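In what follows, a structure is listed as structure tokens, so that the remarks can point back to it.
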Amino acid sequence: MSQNVRVRFAPSPTGPLHIGGIRTALFNYLFAKKNGGDFILRIEDTDQNRYVEGAEKYIIDALNWCNIPFDEGPGKEGKYGPYRQSERKHLYKKYAEELIQKEFAYYAFDTAENLDFHRKDHEAKRKTFIYNWHNRLKLDNSLSLTEEETHKKLNDGVPYVIRFKTPQNQKLQLNDIVRGNIEIDTNILDDKVLYKSDGMPTYHLANIVDDYLMEITHVIRGEEWLPSLALHKQLYDAFGWQAPKFAHLPLIMKPVGKGKLSKRDGEKLGFPVFPLSWNESVGYKETGYFPEAVVNFLAFLGWNPGTEQEIFSLEELINQFSLERVNKSGARFDPDKTKWYNQHYLQQADVNILADSFLHNISNREIPSHFLNKSYVAQVVTLIKERAVFIEDLWNLGDYFFITPENYNEKATKKQWKEGTADIMKQVTAIIEAISDFTSENVEAIVKNWIGEKELSFGKVMPPLRLVIVGDMKGPHLFDIIALIGKEESIKRIKKAITTL
């Protein structure tokens, strides 16, 4: 086995990649990079009946969007390829037959009807049918048949599968980096099918053979594969191969804390469960999440650094990550926390990148062309981004930077527009018209000096002025707004409000 750390992410192309799959890929990636190793993508497509067109491309696109690209895999061929199991199917039969020769496996000729009969017979007796040491000699296989009978069936082309021969009365000692030592009684295990009648291996055989041939040193996968660990360890022992180290990651739980996170939870509560959109399901990318935010919150689903730090760059995660700090118990998914992460990364993002995204976001709106230049939009974004979680929030936070208010908040109008307010606004208009240096600081100084000279209260001037400029009592520093929309637009808005209100 290779001395260099080699890990693999091995999804099946049966549909979109669940966010839990991305978490598994991320932990593999972090572990590999922390240890100077390689991160391999292997497409496990042995079940051709469940293959979905476009799913493999989706997997690759999702990994690339999250900035956790693989080192070897489809399209990045290394010396351990090919990296699709369907292109490796010529490899598996000889290994299955090797297990038969070593008496760790056997041919089974049972028909589906015969197996169904035994299951129903057991159910009638309130028992569970398990194909293993308990009844294998009563069934149609090479253990119950003579050598001549077995060869005749093989020569006659009778369909068969190859099953693993699980030993009787043994205690398996297993070790998992996350869960510690595990003991399994082999008497409760069934004789799993390793090789199917269609000439394709099952997940179990293909997985073990590929991990061995690709020199995988650590198998880091989801908790749902923990029941397979006993068989996989036995297969390594049967072949006489050194087994990799195993680490089974905790489940990602529903926001309520009970049960595994599903697509239905996302639909019900309004959050994505896929990294990218798939058919009618919107992904994190399309919802407006930054890949850095997705990586950051996924890292904390089952792992913690042992400190109070919550914001990590990818480089920091690589430096801090260890499998020893992965939790055994399930990690509750918190949609609000994911938004918190995204808000942080939006604040940290380059304002020019945000401006480009925002411009794209508002491209179909009717906005005067002079408000649609990138420099102006970047200044707007700088003023309003603090309260935004997503790019699309920016319009609701700052639509008044682009369009003159058509309506005024009713509650604010009743409170702020009183007798004499129109006259005060006319005077403010005259003050603003006379200003030549139209910077925020200068406009503010002149208007506030005038308020002082007139011995007016700020409450009589400033709130109504915000109302006529914005249409509501929201927004950043008022004079920053006035300076940015400009003298002409500011005067236009004040005069419109005087006429309207």
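Residues in the structure tokens are numbered from 1 in each chain, the chains being A, B, ... in the order shown, and ligands are numbered from 1 in the order shown.
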If you take only C-alpha atoms and a cut-off of 12 Å, which residues of region 74-158 of chain A touch region 29-43 of chain A, and what are their nearest atom pairs and distances in Å to one decimal, in chain and number order, as JSON lines?
{"residue": "A:Pro74", "atom": "CA", "partner": "A:Leu41", "partner_atom": "CA", "distance": 7.4}
{"residue": "A:Gly75", "atom": "CA", "partner": "A:Leu41", "partner_atom": "CA", "distance": 10.2}
{"residue": "A:Lys76", "atom": "CA", "partner": "A:Leu41", "partner_atom": "CA", "distance": 9.4}
{"residue": "A:Glu77", "atom": "CA", "partner": "A:Ile40", "partner_atom": "CA", "distance": 10.1}
{"residue": "A:Gly78", "atom": "CA", "partner": "A:Ile40", "partner_atom": "CA", "distance": 9.6}
{"residue": "A:Lys79", "atom": "CA", "partner": "A:Ile40", "partner_atom": "CA", "distance": 11.8}
{"residue": "A:Tyr80", "atom": "CA", "partner": "A:Ile40", "partner_atom": "CA", "distance": 9.8}
{"residue": "A:Gly81", "atom": "CA", "partner": "A:Arg42", "partner_atom": "CA", "distance": 9.1}
{"residue": "A:Pro82", "atom": "CA", "partner": "A:Arg42", "partner_atom": "CA", "distance": 8.7}
{"residue": "A:Tyr83", "atom": "CA", "partner": "A:Arg42", "partner_atom": "CA", "distance": 4.9}
{"residue": "A:Arg84", "atom": "CA", "partner": "A:Ile43", "partner_atom": "CA", "distance": 4.7}
{"residue": "A:Gln85", "atom": "CA", "partner": "A:Ile43", "partner_atom": "CA", "distance": 6.3}
{"residue": "A:Ser86", "atom": "CA", "partner": "A:Ile43", "partner_atom": "CA", "distance": 8.5}
{"residue": "A:Glu87", "atom": "CA", "partner": "A:Ile43", "partner_atom": "CA", "distance": 10.0}
{"residue": "A:Arg88", "atom": "CA", "partner": "A:Ile43", "partner_atom": "CA", "distance": 10.8}
Could I get the residues of region 36-67 of chain A with an atom no further than 8 Å from an atom of region 285-309 of chain A, each paired with its nearest atom pair and that distance in Å to one decimal, using only C-alpha atoms, sorted by chain and residue number, as a Markdown table?
| residue | atom | partner | partner_atom | distance |
| --- | --- | --- | --- | --- |
| A:Trp65 | CA | A:Pro291 | CA | 6.5 |
| A:Cys66 | CA | A:Pro291 | CA | 5.0 |
| A:Asn67 | CA | A:Pro291 | CA | 7.3 |
Restricted to C-alpha atoms, what would the selected residues look like written as an mmCIF file, in the first residue's frame?
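The resulting result23.cif:
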data_model
loop_
_atom_site.group_PDB
_atom_site.id
_atom_site.type_symbol
_atom_site.label_atom_id
_atom_site.label_comp_id
_atom_site.auth_asym_id
_atom_site.auth_seq_id
_atom_site.Cartn_x
_atom_site.Cartn_y
_atom_site.Cartn_z
ATOM 1 C CA TRP A 65 -17.704 25.357 -7.505
ATOM 2 C CA CYS A 66 -16.866 24.569 -3.875
ATOM 3 C CA ASN A 67 -13.155 24.986 -4.701
#
**Request:** Kindly indicate which residue among A:Leu456, A:Val389, A:Ala206, A:Leu137 lies nearest to His90 (chain A), using only C-alpha atoms for the distances.
**Result:**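 Of all the options, A:Ala206 lies closest to His90 (chain A).
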**Request:** Name the residues in contact with region 330-338 of chain A at a cut-off of 8 Å, using only C-alpha atoms, excluding same-chain residues fewer than 3 positions from it; report them as a ChimeraX atom specification.
**Result:** /A:250-257,261,271,293-294,297,301-302,327,341-342
Those residues with all heavy atoms, as a short mmCIF file (atom, residue, chain, number, x, y, z; two decimals), in the first residue's frame please?
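Contents of part.cif, as written:
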data_model
loop_
_atom_site.label_atom_id
_atom_site.label_comp_id
_atom_site.auth_asym_id
_atom_site.auth_seq_id
_atom_site.Cartn_x
_atom_site.Cartn_y
_atom_site.Cartn_z
N PRO A 250 -20.49 11.46 10.91
CA PRO A 250 -21.86 11.48 11.46
C PRO A 250 -22.87 11.96 10.43
O PRO A 250 -22.54 12.69 9.50
CB PRO A 250 -21.75 12.46 12.63
CG PRO A 250 -20.62 13.36 12.25
CD PRO A 250 -19.63 12.49 11.52
N LEU A 251 -24.11 11.57 10.62
CA LEU A 251 -25.19 12.02 9.74
C LEU A 251 -25.43 13.52 9.90
O LEU A 251 -25.17 14.09 10.96
CB LEU A 251 -26.48 11.27 10.08
CG LEU A 251 -26.52 9.76 9.82
CD1 LEU A 251 -27.84 9.20 10.34
CD2 LEU A 251 -26.35 9.46 8.34
N ILE A 252 -25.92 14.14 8.83
CA ILE A 252 -26.41 15.52 8.93
C ILE A 252 -27.90 15.42 9.22
O ILE A 252 -28.67 14.82 8.45
CB ILE A 252 -26.15 16.30 7.63
CG1 ILE A 252 -24.63 16.38 7.36
CG2 ILE A 252 -26.74 17.70 7.73
CD1 ILE A 252 -24.27 17.09 6.07
N MET A 253 -28.30 15.98 10.35
CA MET A 253 -29.68 15.81 10.83
C MET A 253 -30.58 16.97 10.39
O MET A 253 -30.11 18.06 10.06
CB MET A 253 -29.68 15.71 12.35
CG MET A 253 -28.67 14.72 12.93
SD MET A 253 -28.90 13.03 12.33
CE MET A 253 -30.33 12.58 13.31
N LYS A 254 -31.87 16.72 10.43
CA LYS A 254 -32.87 17.74 10.13
C LYS A 254 -32.71 18.94 11.09
O LYS A 254 -32.18 18.78 12.19
CB LYS A 254 -34.28 17.18 10.31
CG LYS A 254 -34.64 16.01 9.40
CD LYS A 254 -35.99 15.43 9.81
CE LYS A 254 -36.35 14.20 8.99
NZ LYS A 254 -36.77 14.56 7.63
N PRO A 255 -33.19 20.13 10.69
CA PRO A 255 -33.13 21.29 11.60
C PRO A 255 -33.78 21.04 12.96
O PRO A 255 -33.36 21.60 13.96
CB PRO A 255 -33.87 22.38 10.82
CG PRO A 255 -33.65 22.02 9.39
CD PRO A 255 -33.68 20.52 9.35
N VAL A 256 -34.80 20.18 12.98
CA VAL A 256 -35.46 19.87 14.27
C VAL A 256 -34.63 18.90 15.10
O VAL A 256 -34.92 18.66 16.27
CB VAL A 256 -36.87 19.28 14.06
CG1 VAL A 256 -37.80 20.32 13.47
CG2 VAL A 256 -36.83 18.04 13.17
N GLY A 257 -33.59 18.30 14.48
CA GLY A 257 -32.66 17.46 15.22
C GLY A 257 -32.91 15.98 15.15
O GLY A 257 -32.04 15.19 15.51
N LEU A 261 -31.26 14.65 7.26
CA LEU A 261 -31.65 15.77 6.40
C LEU A 261 -32.01 15.25 5.01
O LEU A 261 -31.28 14.46 4.42
CB LEU A 261 -30.50 16.78 6.29
CG LEU A 261 -30.78 18.03 5.45
CD1 LEU A 261 -31.75 18.95 6.19
CD2 LEU A 261 -29.48 18.76 5.14
N PHE A 271 -34.89 26.04 2.17
CA PHE A 271 -33.43 26.16 2.01
C PHE A 271 -32.95 25.07 1.05
O PHE A 271 -33.60 24.03 0.91
CB PHE A 271 -32.70 26.08 3.36
CG PHE A 271 -32.89 24.77 4.09
CD1 PHE A 271 -32.09 23.67 3.81
CD2 PHE A 271 -33.86 24.64 5.08
CE1 PHE A 271 -32.27 22.46 4.48
CE2 PHE A 271 -34.05 23.43 5.74
CZ PHE A 271 -33.24 22.35 5.44
N ALA A 293 -18.79 30.26 1.95
CA ALA A 293 -19.76 30.12 3.05
C ALA A 293 -20.24 28.68 3.16
O ALA A 293 -20.36 28.13 4.26
CB ALA A 293 -20.95 31.06 2.82
N VAL A 294 -20.50 28.06 2.01
CA VAL A 294 -20.96 26.67 2.00
C VAL A 294 -19.89 25.75 2.60
O VAL A 294 -20.17 24.90 3.45
CB VAL A 294 -21.32 26.22 0.57
CG1 VAL A 294 -21.63 24.72 0.52
CG2 VAL A 294 -22.53 27.03 0.05
N PHE A 297 -19.66 26.39 6.52
CA PHE A 297 -20.70 25.80 7.39
C PHE A 297 -20.71 24.28 7.30
O PHE A 297 -21.01 23.60 8.28
CB PHE A 297 -22.07 26.43 7.14
CG PHE A 297 -22.86 25.96 5.95
CD1 PHE A 297 -23.39 24.68 5.88
CD2 PHE A 297 -23.14 26.84 4.90
CE1 PHE A 297 -24.14 24.27 4.79
CE2 PHE A 297 -23.90 26.42 3.81
CZ PHE A 297 -24.40 25.13 3.76
N LEU A 301 -20.34 20.85 10.31
CA LEU A 301 -21.36 19.80 10.45
C LEU A 301 -20.67 18.48 10.74
O LEU A 301 -20.43 17.67 9.86
CB LEU A 301 -22.22 19.72 9.19
CG LEU A 301 -23.18 20.88 8.95
CD1 LEU A 301 -23.91 20.73 7.63
CD2 LEU A 301 -24.18 21.01 10.09
N GLY A 302 -20.29 18.31 12.00
CA GLY A 302 -19.64 17.06 12.40
C GLY A 302 -18.20 17.22 12.84
O GLY A 302 -17.60 16.26 13.32
N ASN A 327 -17.03 14.48 15.27
CA ASN A 327 -17.95 13.97 16.29
C ASN A 327 -18.61 12.65 15.88
O ASN A 327 -18.78 12.39 14.70
CB ASN A 327 -19.07 15.00 16.56
CG ASN A 327 -18.51 16.36 16.91
OD1 ASN A 327 -17.52 16.46 17.62
ND2 ASN A 327 -19.13 17.41 16.40
N TYR A 341 -23.26 32.68 7.92
CA TYR A 341 -21.98 32.52 7.22
C TYR A 341 -21.99 33.29 5.90
O TYR A 341 -21.02 33.97 5.55
CB TYR A 341 -21.70 31.04 6.94
CG TYR A 341 -21.03 30.32 8.09
CD1 TYR A 341 -21.71 29.35 8.82
CD2 TYR A 341 -19.71 30.61 8.44
CE1 TYR A 341 -21.11 28.69 9.89
CE2 TYR A 341 -19.10 29.95 9.49
CZ TYR A 341 -19.80 28.99 10.22
OH TYR A 341 -19.18 28.35 11.26
N ASN A 342 -23.10 33.20 5.18
CA ASN A 342 -23.13 33.88 3.88
C ASN A 342 -23.06 35.39 4.02
O ASN A 342 -22.40 36.08 3.24
CB ASN A 342 -24.39 33.50 3.10
CG ASN A 342 -24.18 33.63 1.61
OD1 ASN A 342 -23.35 32.93 1.04
ND2 ASN A 342 -24.89 34.53 0.97
#
**Between CA of Val158 (chain A) and CA of Glu97 (chain A), distance in Å (one decimal)** =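 CA of Glu97 (chain A) lies at a distance of 16.6 Å from CA of Val158 (chain A).
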